[in-house]
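What follows is input29.cif (mmCIF, C-alpha atoms; chains and numbers go by the auth columns).
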data_data
#
loop_
_atom_site.group_PDB
_atom_site.id
_atom_site.type_symbol
_atom_site.label_atom_id
_atom_site.label_comp_id
_atom_site.label_asym_id
_atom_site.label_seq_id
_atom_site.Cartn_x
_atom_site.Cartn_y
_atom_site.Cartn_z
_atom_site.B_iso_or_equiv
_atom_site.auth_seq_id
_atom_site.auth_asym_id
ATOM 1 C CA MET A 1 -24.951 7.082 16.191 0.00 10 A
ATOM 2 C CA VAL A 2 -21.198 6.811 16.720 0.00 11 A
ATOM 3 C CA THR A 3 -19.244 6.657 13.470 0.00 12 A
ATOM 4 C CA MET A 4 -15.616 6.598 12.484 0.00 13 A
ATOM 5 C CA THR A 5 -13.310 9.525 13.204 0.00 14 A
ATOM 6 C CA THR A 6 -10.395 10.855 11.157 0.00 15 A
ATOM 7 C CA ARG A 7 -7.413 13.116 11.719 0.00 16 A
ATOM 8 C CA THR A 8 -4.112 14.060 10.157 0.00 17 A
ATOM 9 C CA VAL A 9 -0.885 12.985 11.848 0.00 18 A
ATOM 10 C CA GLU A 10 2.535 14.576 11.448 0.00 19 A
ATOM 11 C CA TYR A 11 5.720 12.558 11.838 0.00 20 A
ATOM 12 C CA PRO A 12 9.329 12.706 10.584 0.00 21 A
ATOM 13 C CA ALA A 13 10.611 10.440 7.800 0.00 22 A
ATOM 14 C CA ASP A 14 13.147 10.668 4.964 0.00 23 A
ATOM 15 C CA GLY A 15 14.259 14.111 6.171 0.00 24 A
ATOM 16 C CA LEU A 16 10.728 15.492 5.784 0.00 25 A
ATOM 17 C CA THR A 17 7.702 16.184 7.961 0.00 26 A
ATOM 18 C CA MET A 18 5.154 13.695 6.702 0.00 27 A
ATOM 19 C CA ILE A 19 1.416 14.310 6.998 0.00 28 A
ATOM 20 C CA GLY A 20 -0.516 11.057 7.146 0.00 29 A
ATOM 21 C CA TYR A 21 -4.242 10.427 7.390 0.00 30 A
ATOM 22 C CA LEU A 22 -5.625 8.252 10.181 0.00 31 A
ATOM 23 C CA ALA A 23 -9.143 6.802 10.161 0.00 32 A
ATOM 24 C CA LEU A 24 -10.527 5.119 13.264 0.00 33 A
ATOM 25 C CA PRO A 25 -13.566 2.837 13.396 0.00 34 A
ATOM 26 C CA ALA A 26 -16.442 3.424 15.770 0.00 35 A
ATOM 27 C CA GLY A 27 -15.941 2.207 19.325 0.00 36 A
ATOM 28 C CA VAL A 28 -13.069 2.271 21.795 0.00 37 A
ATOM 29 C CA ASP A 29 -11.691 -1.272 21.554 0.00 38 A
ATOM 30 C CA ARG A 30 -8.457 -2.337 19.896 0.00 39 A
ATOM 31 C CA ARG A 31 -8.861 -3.280 16.257 0.00 40 A
ATOM 32 C CA PRO A 32 -6.742 -4.805 13.509 0.00 41 A
ATOM 33 C CA ALA A 33 -4.974 -2.144 11.481 0.00 42 A
ATOM 34 C CA VAL A 34 -3.951 -1.445 7.899 0.00 43 A
ATOM 35 C CA LEU A 35 -1.097 0.686 6.627 0.00 44 A
ATOM 36 C CA ILE A 36 -1.959 2.194 3.209 0.00 45 A
ATOM 37 C CA GLY A 37 0.794 3.316 0.837 0.00 46 A
ATOM 38 C CA PRO A 38 0.054 5.647 -2.099 0.00 47 A
ATOM 39 C CA GLU A 39 1.238 5.741 -5.691 0.00 48 A
ATOM 40 C CA GLY A 40 4.403 7.690 -6.480 0.00 49 A
ATOM 41 C CA THR A 41 2.433 10.913 -6.868 0.00 50 A
ATOM 42 C CA GLY A 42 1.810 10.833 -3.115 0.00 51 A
ATOM 43 C CA LEU A 43 -1.030 10.854 -0.625 0.00 52 A
ATOM 44 C CA SER A 44 -4.323 12.042 -2.113 0.00 53 A
ATOM 45 C CA ASP A 45 -8.041 11.841 -1.489 0.00 54 A
ATOM 46 C CA VAL A 46 -8.011 8.430 -3.191 0.00 55 A
ATOM 47 C CA GLU A 47 -6.031 6.914 -0.304 0.00 56 A
ATOM 48 C CA ARG A 48 -7.977 8.924 2.260 0.00 57 A
ATOM 49 C CA ARG A 49 -11.222 7.447 0.928 0.00 58 A
ATOM 50 C CA ARG A 50 -9.696 3.983 1.138 0.00 59 A
ATOM 51 C CA ALA A 51 -8.743 4.610 4.758 0.00 60 A
ATOM 52 C CA ASP A 52 -12.312 5.746 5.459 0.00 61 A
ATOM 53 C CA ALA A 53 -13.692 2.632 3.769 0.00 62 A
ATOM 54 C CA LEU A 54 -11.444 0.372 5.847 0.00 63 A
ATOM 55 C CA ALA A 55 -12.447 2.162 9.055 0.00 64 A
ATOM 56 C CA ASP A 56 -16.077 1.534 8.100 0.00 65 A
ATOM 57 C CA GLN A 57 -15.122 -2.155 7.860 0.00 66 A
ATOM 58 C CA GLY A 58 -13.746 -2.071 11.417 0.00 67 A
ATOM 59 C CA TYR A 59 -10.031 -1.488 10.784 0.00 68 A
ATOM 60 C CA VAL A 60 -7.758 1.230 12.066 0.00 69 A
ATOM 61 C CA ALA A 61 -6.280 2.668 8.848 0.00 70 A
ATOM 62 C CA LEU A 62 -3.319 4.959 8.264 0.00 71 A
ATOM 63 C CA ALA A 63 -2.671 6.308 4.766 0.00 72 A
ATOM 64 C CA PHE A 64 0.960 7.367 4.821 0.00 73 A
ATOM 65 C CA ASP A 65 2.736 10.250 3.129 0.00 74 A
ATOM 66 C CA LEU A 66 5.646 10.034 0.694 0.00 75 A
ATOM 67 C CA HIS A 67 6.620 13.633 -0.001 0.00 76 A
ATOM 68 C CA GLY A 68 6.255 15.762 3.109 0.00 77 A
ATOM 69 C CA GLY A 69 2.665 16.811 2.545 0.00 78 A
ATOM 70 C CA ARG A 70 3.070 17.371 -1.200 0.00 79 A
ATOM 71 C CA TYR A 71 1.286 15.707 -4.104 0.00 80 A
ATOM 72 C CA LEU A 72 3.567 15.475 -7.154 0.00 81 A
ATOM 73 C CA GLY A 73 1.258 15.820 -10.138 0.00 82 A
ATOM 74 C CA ASP A 74 4.129 16.644 -12.512 0.00 83 A
ATOM 75 C CA PRO A 75 5.433 13.285 -13.832 0.00 84 A
ATOM 76 C CA GLU A 76 9.005 14.584 -14.153 0.00 85 A
ATOM 77 C CA GLU A 77 9.059 15.820 -10.556 0.00 86 A
ATOM 78 C CA MET A 78 7.518 12.566 -9.359 0.00 87 A
ATOM 79 C CA LEU A 79 10.116 10.459 -11.202 0.00 88 A
ATOM 80 C CA ALA A 80 12.952 12.661 -9.950 0.00 89 A
ATOM 81 C CA ARG A 81 11.960 11.827 -6.377 0.00 90 A
ATOM 82 C CA CYS A 82 10.671 8.265 -6.743 0.00 91 A
ATOM 83 C CA THR A 83 13.309 6.761 -9.050 0.00 92 A
ATOM 84 C CA PRO A 84 16.171 7.114 -6.540 0.00 93 A
ATOM 85 C CA LEU A 85 13.811 6.195 -3.707 0.00 94 A
ATOM 86 C CA LEU A 86 12.811 2.926 -5.399 0.00 95 A
ATOM 87 C CA ALA A 87 16.506 2.122 -5.886 0.00 96 A
ATOM 88 C CA ASP A 88 17.218 2.530 -2.157 0.00 97 A
ATOM 89 C CA PRO A 89 15.616 -0.174 0.006 0.00 98 A
ATOM 90 C CA ASP A 90 16.852 1.424 3.216 0.00 99 A
ATOM 91 C CA ARG A 91 15.139 4.739 2.419 0.00 100 A
ATOM 92 C CA MET A 92 11.913 2.910 1.554 0.00 101 A
ATOM 93 C CA ARG A 93 12.100 0.972 4.812 0.00 102 A
ATOM 94 C CA GLY A 94 12.685 4.187 6.732 0.00 103 A
ATOM 95 C CA ILE A 95 9.518 5.731 5.299 0.00 104 A
ATOM 96 C CA GLY A 96 7.578 2.540 6.001 0.00 105 A
ATOM 97 C CA HIS A 97 8.881 2.086 9.545 0.00 106 A
ATOM 98 C CA ALA A 98 8.095 5.712 10.442 0.00 107 A
ATOM 99 C CA ALA A 99 4.483 5.316 9.320 0.00 108 A
ATOM 100 C CA LEU A 100 4.210 1.914 10.977 0.00 109 A
ATOM 101 C CA GLY A 101 5.438 3.474 14.213 0.00 110 A
ATOM 102 C CA VAL A 102 2.593 5.998 14.078 0.00 111 A
ATOM 103 C CA LEU A 103 0.066 3.245 13.445 0.00 112 A
ATOM 104 C CA ARG A 104 1.432 1.072 16.266 0.00 113 A
ATOM 105 C CA ALA A 105 1.347 4.021 18.674 0.00 114 A
ATOM 106 C CA GLU A 106 -2.383 4.560 18.089 0.00 115 A
ATOM 107 C CA PRO A 107 -4.160 3.135 21.181 0.00 116 A
ATOM 108 C CA ARG A 108 -6.937 1.630 19.026 0.00 117 A
ATOM 109 C CA THR A 109 -4.424 -0.471 17.050 0.00 118 A
ATOM 110 C CA ASP A 110 -3.987 -4.148 17.864 0.00 119 A
ATOM 111 C CA PRO A 111 -0.201 -4.373 17.344 0.00 120 A
ATOM 112 C CA ASP A 112 -0.402 -8.108 16.655 0.00 121 A
ATOM 113 C CA ARG A 113 -2.788 -7.665 13.703 0.00 122 A
ATOM 114 C CA ILE A 114 -1.395 -5.216 11.172 0.00 123 A
ATOM 115 C CA ALA A 115 -1.374 -5.505 7.374 0.00 124 A
ATOM 116 C CA ALA A 116 0.238 -3.296 4.725 0.00 125 A
ATOM 117 C CA VAL A 117 -1.518 -2.428 1.462 0.00 126 A
ATOM 118 C CA GLY A 118 0.380 -0.344 -1.074 0.00 127 A
ATOM 119 C CA TYR A 119 -0.002 0.980 -4.589 0.00 128 A
ATOM 120 C CA GLY A 120 2.971 1.600 -6.868 0.00 129 A
ATOM 121 C CA THR A 121 5.728 3.176 -4.775 0.00 130 A
ATOM 122 C CA GLY A 122 3.635 2.572 -1.650 0.00 131 A
ATOM 123 C CA GLY A 123 3.422 -1.102 -2.600 0.00 132 A
ATOM 124 C CA ALA A 124 7.196 -1.274 -2.994 0.00 133 A
ATOM 125 C CA ILE A 125 7.536 0.161 0.523 0.00 134 A
ATOM 126 C CA ALA A 126 5.111 -2.447 1.884 0.00 135 A
ATOM 127 C CA LEU A 127 7.223 -5.190 0.307 0.00 136 A
ATOM 128 C CA GLU A 128 10.411 -3.745 1.793 0.00 137 A
ATOM 129 C CA LEU A 129 8.866 -3.840 5.267 0.00 138 A
ATOM 130 C CA GLY A 130 8.246 -7.530 4.675 0.00 139 A
ATOM 131 C CA ARG A 131 11.791 -8.103 3.430 0.00 140 A
ATOM 132 C CA HIS A 132 13.029 -6.398 6.587 0.00 141 A
ATOM 133 C CA GLY A 133 11.236 -9.008 8.673 0.00 142 A
ATOM 134 C CA VAL A 134 8.510 -6.748 10.061 0.00 143 A
ATOM 135 C CA ASP A 135 5.745 -8.682 11.821 0.00 144 A
ATOM 136 C CA LEU A 136 2.837 -8.098 9.459 0.00 145 A
ATOM 137 C CA ARG A 137 -0.192 -10.353 8.964 0.00 146 A
ATOM 138 C CA ALA A 138 -0.500 -9.641 5.228 0.00 147 A
ATOM 139 C CA ILE A 139 1.064 -7.565 2.459 0.00 148 A
ATOM 140 C CA ALA A 140 -0.748 -6.432 -0.687 0.00 149 A
ATOM 141 C CA THR A 141 0.950 -4.602 -3.532 0.00 150 A
ATOM 142 C CA VAL A 142 -0.889 -3.258 -6.578 0.00 151 A
ATOM 143 C CA ASN A 143 1.271 -2.542 -9.650 0.00 152 A
ATOM 144 C CA GLY A 144 4.333 -2.390 -7.397 0.00 153 A
ATOM 145 C CA LEU A 145 5.887 -5.773 -8.180 0.00 154 A
ATOM 146 C CA THR A 146 9.419 -4.796 -7.212 0.00 155 A
ATOM 147 C CA THR A 147 12.224 -7.203 -6.416 0.00 156 A
ATOM 148 C CA GLY A 148 14.561 -6.801 -3.478 0.00 157 A
ATOM 149 C CA ARG A 149 18.080 -7.627 -2.426 0.00 158 A
ATOM 150 C CA PRO A 150 18.954 -11.315 -2.898 0.00 159 A
ATOM 151 C CA GLY A 151 17.668 -13.601 -0.190 0.00 160 A
ATOM 152 C CA GLU A 152 15.882 -10.960 1.872 0.00 161 A
ATOM 153 C CA ALA A 153 12.404 -12.079 0.850 0.00 162 A
ATOM 154 C CA ALA A 154 12.989 -15.121 3.066 0.00 163 A
ATOM 155 C CA ARG A 155 12.339 -12.796 6.007 0.00 164 A
ATOM 156 C CA MET A 156 8.730 -12.291 4.916 0.00 165 A
ATOM 157 C CA ARG A 157 6.501 -13.728 7.621 0.00 166 A
ATOM 158 C CA CYS A 158 3.057 -13.346 6.051 0.00 167 A
ATOM 159 C CA PRO A 159 1.086 -13.973 2.863 0.00 168 A
ATOM 160 C CA VAL A 160 1.840 -11.627 -0.031 0.00 169 A
ATOM 161 C CA TRP A 161 -0.859 -10.724 -2.559 0.00 170 A
ATOM 162 C CA ALA A 162 0.050 -8.844 -5.739 0.00 171 A
ATOM 163 C CA GLY A 163 -2.126 -7.357 -8.469 0.00 172 A
ATOM 164 C CA VAL A 164 -1.051 -5.992 -11.849 0.00 173 A
ATOM 165 C CA GLY A 165 -2.601 -5.039 -15.176 0.00 174 A
ATOM 166 C CA SER A 166 -1.792 -7.332 -18.089 0.00 175 A
ATOM 167 C CA GLU A 167 -0.947 -4.319 -20.280 0.00 176 A
ATOM 168 C CA ASP A 168 1.134 -2.451 -17.678 0.00 177 A
ATOM 169 C CA PRO A 169 4.357 -1.349 -19.442 0.00 178 A
ATOM 170 C CA ILE A 170 5.940 -0.235 -16.143 0.00 179 A
ATOM 171 C CA MET A 171 5.500 -3.703 -14.589 0.00 180 A
ATOM 172 C CA PRO A 172 5.826 -5.860 -17.745 0.00 181 A
ATOM 173 C CA PRO A 173 5.838 -9.690 -17.857 0.00 182 A
ATOM 174 C CA ALA A 174 9.595 -9.886 -17.223 0.00 183 A
ATOM 175 C CA GLN A 175 9.183 -7.863 -14.035 0.00 184 A
ATOM 176 C CA ARG A 176 6.254 -10.023 -12.940 0.00 185 A
ATOM 177 C CA ASP A 177 8.347 -13.135 -13.520 0.00 186 A
ATOM 178 C CA ALA A 178 11.265 -11.751 -11.514 0.00 187 A
ATOM 179 C CA PHE A 179 8.943 -10.877 -8.645 0.00 188 A
ATOM 180 C CA THR A 180 7.224 -14.259 -8.530 0.00 189 A
ATOM 181 C CA ALA A 181 10.570 -16.074 -8.851 0.00 190 A
ATOM 182 C CA GLU A 182 11.853 -14.163 -5.828 0.00 191 A
ATOM 183 C CA MET A 183 8.738 -14.965 -3.805 0.00 192 A
ATOM 184 C CA GLN A 184 8.816 -18.638 -4.771 0.00 193 A
ATOM 185 C CA ALA A 185 12.529 -19.061 -4.060 0.00 194 A
ATOM 186 C CA ALA A 186 12.027 -17.512 -0.616 0.00 195 A
ATOM 187 C CA GLY A 187 9.172 -19.855 0.262 0.00 196 A
ATOM 188 C CA VAL A 188 6.683 -16.986 0.605 0.00 197 A
ATOM 189 C CA ASP A 189 2.939 -17.682 0.580 0.00 198 A
ATOM 190 C CA TRP A 190 2.288 -15.562 -2.509 0.00 199 A
ATOM 191 C CA ARG A 191 -0.464 -14.851 -5.004 0.00 200 A
ATOM 192 C CA LEU A 192 -0.412 -12.853 -8.218 0.00 201 A
ATOM 193 C CA VAL A 193 -3.568 -11.646 -9.954 0.00 202 A
ATOM 194 C CA VAL A 194 -3.191 -10.328 -13.513 0.00 203 A
ATOM 195 C CA TYR A 195 -6.135 -8.133 -14.504 0.00 204 A
ATOM 196 C CA GLY A 196 -6.729 -8.566 -18.224 0.00 205 A
ATOM 197 C CA GLY A 197 -6.497 -5.459 -20.381 0.00 206 A
ATOM 198 C CA ALA A 198 -5.545 -3.146 -17.508 0.00 207 A
ATOM 199 C CA LEU A 199 -2.740 -0.574 -17.578 0.00 208 A
ATOM 200 C CA HIS A 200 -0.503 0.758 -14.806 0.00 209 A
ATOM 201 C CA ALA A 201 -2.380 2.364 -11.886 0.00 210 A
ATOM 202 C CA PHE A 202 -5.619 0.834 -13.200 0.00 211 A
ATOM 203 C CA HIS A 203 -7.046 1.165 -9.688 0.00 212 A
ATOM 204 C CA HIS A 204 -6.680 4.969 -9.574 0.00 213 A
ATOM 205 C CA PRO A 205 -9.567 7.166 -10.786 0.00 214 A
ATOM 206 C CA PRO A 206 -8.698 9.696 -13.532 0.00 215 A
ATOM 207 C CA VAL A 207 -6.680 12.739 -12.467 0.00 216 A
ATOM 208 C CA ASP A 208 -6.643 16.284 -13.846 0.00 217 A
ATOM 209 C CA HIS A 209 -2.932 16.358 -14.646 0.00 218 A
ATOM 210 C CA THR A 210 -0.532 14.699 -17.073 0.00 219 A
ATOM 211 C CA VAL A 211 0.287 11.074 -16.328 0.00 220 A
ATOM 212 C CA LEU A 212 3.031 8.744 -17.497 0.00 221 A
ATOM 213 C CA PRO A 213 2.466 6.728 -20.682 0.00 222 A
ATOM 214 C CA GLY A 214 0.824 3.406 -19.932 0.00 223 A
ATOM 215 C CA VAL A 215 -1.234 4.715 -17.004 0.00 224 A
ATOM 216 C CA GLY A 216 -5.003 4.368 -17.156 0.00 225 A
ATOM 217 C CA TYR A 217 -8.075 3.703 -15.054 0.00 226 A
ATOM 218 C CA HIS A 218 -10.046 0.470 -15.396 0.00 227 A
ATOM 219 C CA PRO A 219 -13.130 0.833 -13.171 0.00 228 A
ATOM 220 C CA ARG A 220 -14.212 -2.813 -13.293 0.00 229 A
ATOM 221 C CA HIS A 221 -10.782 -4.153 -12.388 0.00 230 A
ATOM 222 C CA ALA A 222 -10.302 -1.400 -9.807 0.00 231 A
ATOM 223 C CA GLN A 223 -13.388 -2.693 -8.000 0.00 232 A
ATOM 224 C CA ARG A 224 -12.247 -6.300 -8.357 0.00 233 A
ATOM 225 C CA ALA A 225 -8.805 -5.518 -6.948 0.00 234 A
ATOM 226 C CA TRP A 226 -10.366 -3.733 -3.981 0.00 235 A
ATOM 227 C CA HIS A 227 -12.581 -6.751 -3.285 0.00 236 A
ATOM 228 C CA ASP A 228 -9.551 -9.036 -3.548 0.00 237 A
ATOM 229 C CA ILE A 229 -7.698 -6.897 -0.996 0.00 238 A
ATOM 230 C CA LEU A 230 -10.673 -6.899 1.366 0.00 239 A
ATOM 231 C CA ALA A 231 -10.802 -10.696 1.107 0.00 240 A
ATOM 232 C CA LEU A 232 -7.094 -10.878 1.987 0.00 241 A
ATOM 233 C CA LEU A 233 -7.621 -8.671 5.033 0.00 242 A
ATOM 234 C CA THR A 234 -10.592 -10.758 6.144 0.00 243 A
ATOM 235 C CA GLU A 235 -8.530 -13.915 5.807 0.00 244 A
ATOM 236 C CA CYS A 236 -5.444 -12.625 7.577 0.00 245 A
ATOM 237 C CA LEU A 237 -6.752 -10.101 10.118 0.00 246 A
ATOM 238 C CA SER A 238 -10.126 -11.677 11.016 0.00 247 A
ATOM 239 C CA VAL A 239 -12.115 -8.697 12.249 0.00 248 A
ATOM 240 C CA PRO A 240 -14.318 -9.931 15.112 0.00 249 A
ATOM 241 C CA GLU A 241 -18.027 -9.259 14.934 0.00 250 A
#

This entry written out as structure tokens:
Amino acid sequence: MVTMTTRTVEYPADGLTMIGYLALPAGVDRRPAVLIGPEGTGLSDVERRRADALADQGYVALAFDLHGGRYLGDPEEMLARCTPLLADPDRMRGIGHAALGVLRAEPRTDPDRIAAVGYGTGGAIALELGRHGVDLRAIATVNGLTTGRPGEAARMRCPVWAGVGSEDPIMPPAQRDAFTAEMQAAGVDWRLVVYGGALHAFHHPPVDHTVLPGVGYHPRHAQRAWHDILALLTECLSVPE
């Protein structure tokens, strides 16, 4: 029985050699594709498993790297890298475009059917690709409800789905309101799902290192958010039987 295949891919971005993770579905035909962006800590087995799960669903999936092959488990080190990155849309777009280039270059990828799904910093990068006018079929951001430069959201050419925990202190109600106001003013086809009682990074299973205050796993909502994302991909990428 032929199953999916996986491999690591190296590519330059943000002055670093990034090491992404590519998962390919069974078969040889072109398939819709999904770019997966990790939390600020960086690419981990969590995103690799998500790429595998999407390949099992029939998608080409690339989980991209943020830190040149490193996982930043120390919150201070993570913030020292991600805070200036999140304040620099051009750097975020550079990281996103580099990964998107790798995904587009994969022969199995249907270049006309690509979506971006990101978590935290990875979600902010997905949004910046949209604000840059990249031809995506869908964007999903989980607890990465960032706002961009004025007026640039009007370049978004696809539906945007956003998920956030109701008790997330890093993406509080004021930040949610700013994000949805930007989407609405730009005429974007947007949705926001607030998961009751959930904290920041509620989708991410527990880790064995210190995390920022306000971060916590919510297994029920993590599963619901994943199902919501799969429904978005089904709607916007329409995997053929």

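One distance worth recording is that between CA of Thr219 in chain A and CA of Leu81 in chain A, which is 10.8 Å.
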
- Fewer than 6 positions away in the same chain doesn't count, so skip those; otherwise give me all residues within 8 Å of Gly157 in chain A, counting only C-alpha atoms, as a ChimeraX atom specification. /A:98,137,140

- Fewer than 3 positions away in the same chain doesn't count, so skip those; otherwise give me all residues within 12 Å of Ala162 in chain A, counting only C-alpha atoms, as number ranges by chain. A: 136-143, 155-159, 165-169, 188-199

Just write the chosen residues, C-alpha atoms, as a short mmCIF file (atom, residue, chain, number, x, y, z; two decimals), in the frame of the given file.
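Contents of again_28.cif, freshly written:
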data_model
loop_
_atom_site.label_atom_id
_atom_site.label_comp_id
_atom_site.auth_asym_id
_atom_site.auth_seq_id
_atom_site.Cartn_x
_atom_site.Cartn_y
_atom_site.Cartn_z
CA LEU A 136 7.22 -5.19 0.31
CA GLU A 137 10.41 -3.74 1.79
CA LEU A 138 8.87 -3.84 5.27
CA GLY A 139 8.25 -7.53 4.68
CA ARG A 140 11.79 -8.10 3.43
CA HIS A 141 13.03 -6.40 6.59
CA GLY A 142 11.24 -9.01 8.67
CA VAL A 143 8.51 -6.75 10.06
CA THR A 155 9.42 -4.80 -7.21
CA THR A 156 12.22 -7.20 -6.42
CA GLY A 157 14.56 -6.80 -3.48
CA ARG A 158 18.08 -7.63 -2.43
CA PRO A 159 18.95 -11.32 -2.90
CA MET A 165 8.73 -12.29 4.92
CA ARG A 166 6.50 -13.73 7.62
CA CYS A 167 3.06 -13.35 6.05
CA PRO A 168 1.09 -13.97 2.86
CA VAL A 169 1.84 -11.63 -0.03
CA PHE A 188 8.94 -10.88 -8.64
CA THR A 189 7.22 -14.26 -8.53
CA ALA A 190 10.57 -16.07 -8.85
CA GLU A 191 11.85 -14.16 -5.83
CA MET A 192 8.74 -14.96 -3.80
CA GLN A 193 8.82 -18.64 -4.77
CA ALA A 194 12.53 -19.06 -4.06
CA ALA A 195 12.03 -17.51 -0.62
CA GLY A 196 9.17 -19.86 0.26
CA VAL A 197 6.68 -16.99 0.60
CA ASP A 198 2.94 -17.68 0.58
CA TRP A 199 2.29 -15.56 -2.51
#

- Query: Do you know which residues the PyMOL selection byres ((chain A and resi 43) around 12) returns on this file, as a PyMOL selection string?
  - Reply: chain A and resi 30-34+40-42+44-46+56+59-64+66-73+108-109+111-113+115+117-127+135+145-149+238-239+241-243+245-246+248

Output C-alpha atoms for every residue in that selection, as a short mmCIF file (atom, residue, chain, number, x, y, z; two decimals), in the coordinates of the input.
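Final output, out09.cif:
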data_model
loop_
_atom_site.label_atom_id
_atom_site.label_comp_id
_atom_site.auth_asym_id
_atom_site.auth_seq_id
_atom_site.Cartn_x
_atom_site.Cartn_y
_atom_site.Cartn_z
CA TYR A 30 -4.24 10.43 7.39
CA LEU A 31 -5.62 8.25 10.18
CA ALA A 32 -9.14 6.80 10.16
CA LEU A 33 -10.53 5.12 13.26
CA PRO A 34 -13.57 2.84 13.40
CA ARG A 40 -8.86 -3.28 16.26
CA PRO A 41 -6.74 -4.80 13.51
CA ALA A 42 -4.97 -2.14 11.48
CA LEU A 44 -1.10 0.69 6.63
CA ILE A 45 -1.96 2.19 3.21
CA GLY A 46 0.79 3.32 0.84
CA GLU A 56 -6.03 6.91 -0.30
CA ARG A 59 -9.70 3.98 1.14
CA ALA A 60 -8.74 4.61 4.76
CA ASP A 61 -12.31 5.75 5.46
CA ALA A 62 -13.69 2.63 3.77
CA LEU A 63 -11.44 0.37 5.85
CA ALA A 64 -12.45 2.16 9.06
CA GLN A 66 -15.12 -2.15 7.86
CA GLY A 67 -13.75 -2.07 11.42
CA TYR A 68 -10.03 -1.49 10.78
CA VAL A 69 -7.76 1.23 12.07
CA ALA A 70 -6.28 2.67 8.85
CA LEU A 71 -3.32 4.96 8.26
CA ALA A 72 -2.67 6.31 4.77
CA PHE A 73 0.96 7.37 4.82
CA ALA A 108 4.48 5.32 9.32
CA LEU A 109 4.21 1.91 10.98
CA VAL A 111 2.59 6.00 14.08
CA LEU A 112 0.07 3.24 13.44
CA ARG A 113 1.43 1.07 16.27
CA GLU A 115 -2.38 4.56 18.09
CA ARG A 117 -6.94 1.63 19.03
CA THR A 118 -4.42 -0.47 17.05
CA ASP A 119 -3.99 -4.15 17.86
CA PRO A 120 -0.20 -4.37 17.34
CA ASP A 121 -0.40 -8.11 16.66
CA ARG A 122 -2.79 -7.66 13.70
CA ILE A 123 -1.40 -5.22 11.17
CA ALA A 124 -1.37 -5.50 7.37
CA ALA A 125 0.24 -3.30 4.72
CA VAL A 126 -1.52 -2.43 1.46
CA GLY A 127 0.38 -0.34 -1.07
CA ALA A 135 5.11 -2.45 1.88
CA LEU A 145 2.84 -8.10 9.46
CA ARG A 146 -0.19 -10.35 8.96
CA ALA A 147 -0.50 -9.64 5.23
CA ILE A 148 1.06 -7.56 2.46
CA ALA A 149 -0.75 -6.43 -0.69
CA ILE A 238 -7.70 -6.90 -1.00
CA LEU A 239 -10.67 -6.90 1.37
CA LEU A 241 -7.09 -10.88 1.99
CA LEU A 242 -7.62 -8.67 5.03
CA THR A 243 -10.59 -10.76 6.14
CA CYS A 245 -5.44 -12.62 7.58
CA LEU A 246 -6.75 -10.10 10.12
CA VAL A 248 -12.12 -8.70 12.25
#

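In this model, the gap between CA of Met87 in chain A and CA of Val173 in chain A comes to 20.6 Å.
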
- Message: For Arg100 in chain A, find every residue with an atom within 12 Å (counting only C-alpha atoms), except residues of its own chain fewer than 6 positions away, and show them as a PyMOL selection string.
- Response: chain A and resi 22-24+75+90-94+106-107+130+133-134+137-138

- Message: Could you tell me how far CA of Arg102 in chain A sits from CA of His209 in chain A, in Å to one decimal place?
- Response: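 Rounded to one decimal, the two atoms are 23.3 Å apart.
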
- Task: Might you spell out which residues the PyMOL selection byres ((chain A and resi 231) around 10) would select in the displayed file, as a list in words?
- Result: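 In the shown coordinates, the PyMOL selection byres ((chain A and resi 231) around 10) covers Tyr204, Ala207, Ala210, Phe211, His212, His213, Pro214, Tyr226, His227, Pro228, Arg229, His230, Gln232, Arg233, Ala234, Trp235, His236 and Asp237 of chain A.
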
- Message: Going by the chain IDs and residue numbers used in this file, which residues fall under the PyMOL selection byres ((chain A and resi 19) around 9)? Write them as a list in words.
- Response: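 Applying the expression gives Thr17, Val18, Tyr20, Pro21, Thr26, Met27, Ile28, Gly29, Tyr30 and Val111 of chain A.
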
- In terms of the shortest atom-to-atom distance over all atoms listed in the file, which of A:Leu221, A:Val216, A:Met13, A:Val55 is closest to Ala35 in chain A?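 Of A:Leu221, A:Val216, A:Met13, A:Val55, the one nearest Ala35 in chain A is A:Met13, counting all atoms listed in the file.
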
Box centre and edge lengths (Å, one decimal), axis-aligned, range 53-65 of chain A plus 5 Å each side, as JSON:
{"center_x": -10.2, "center_y": 6.2, "center_z": 2.9, "size_x": 21.8, "size_y": 21.7, "size_z": 22.2}
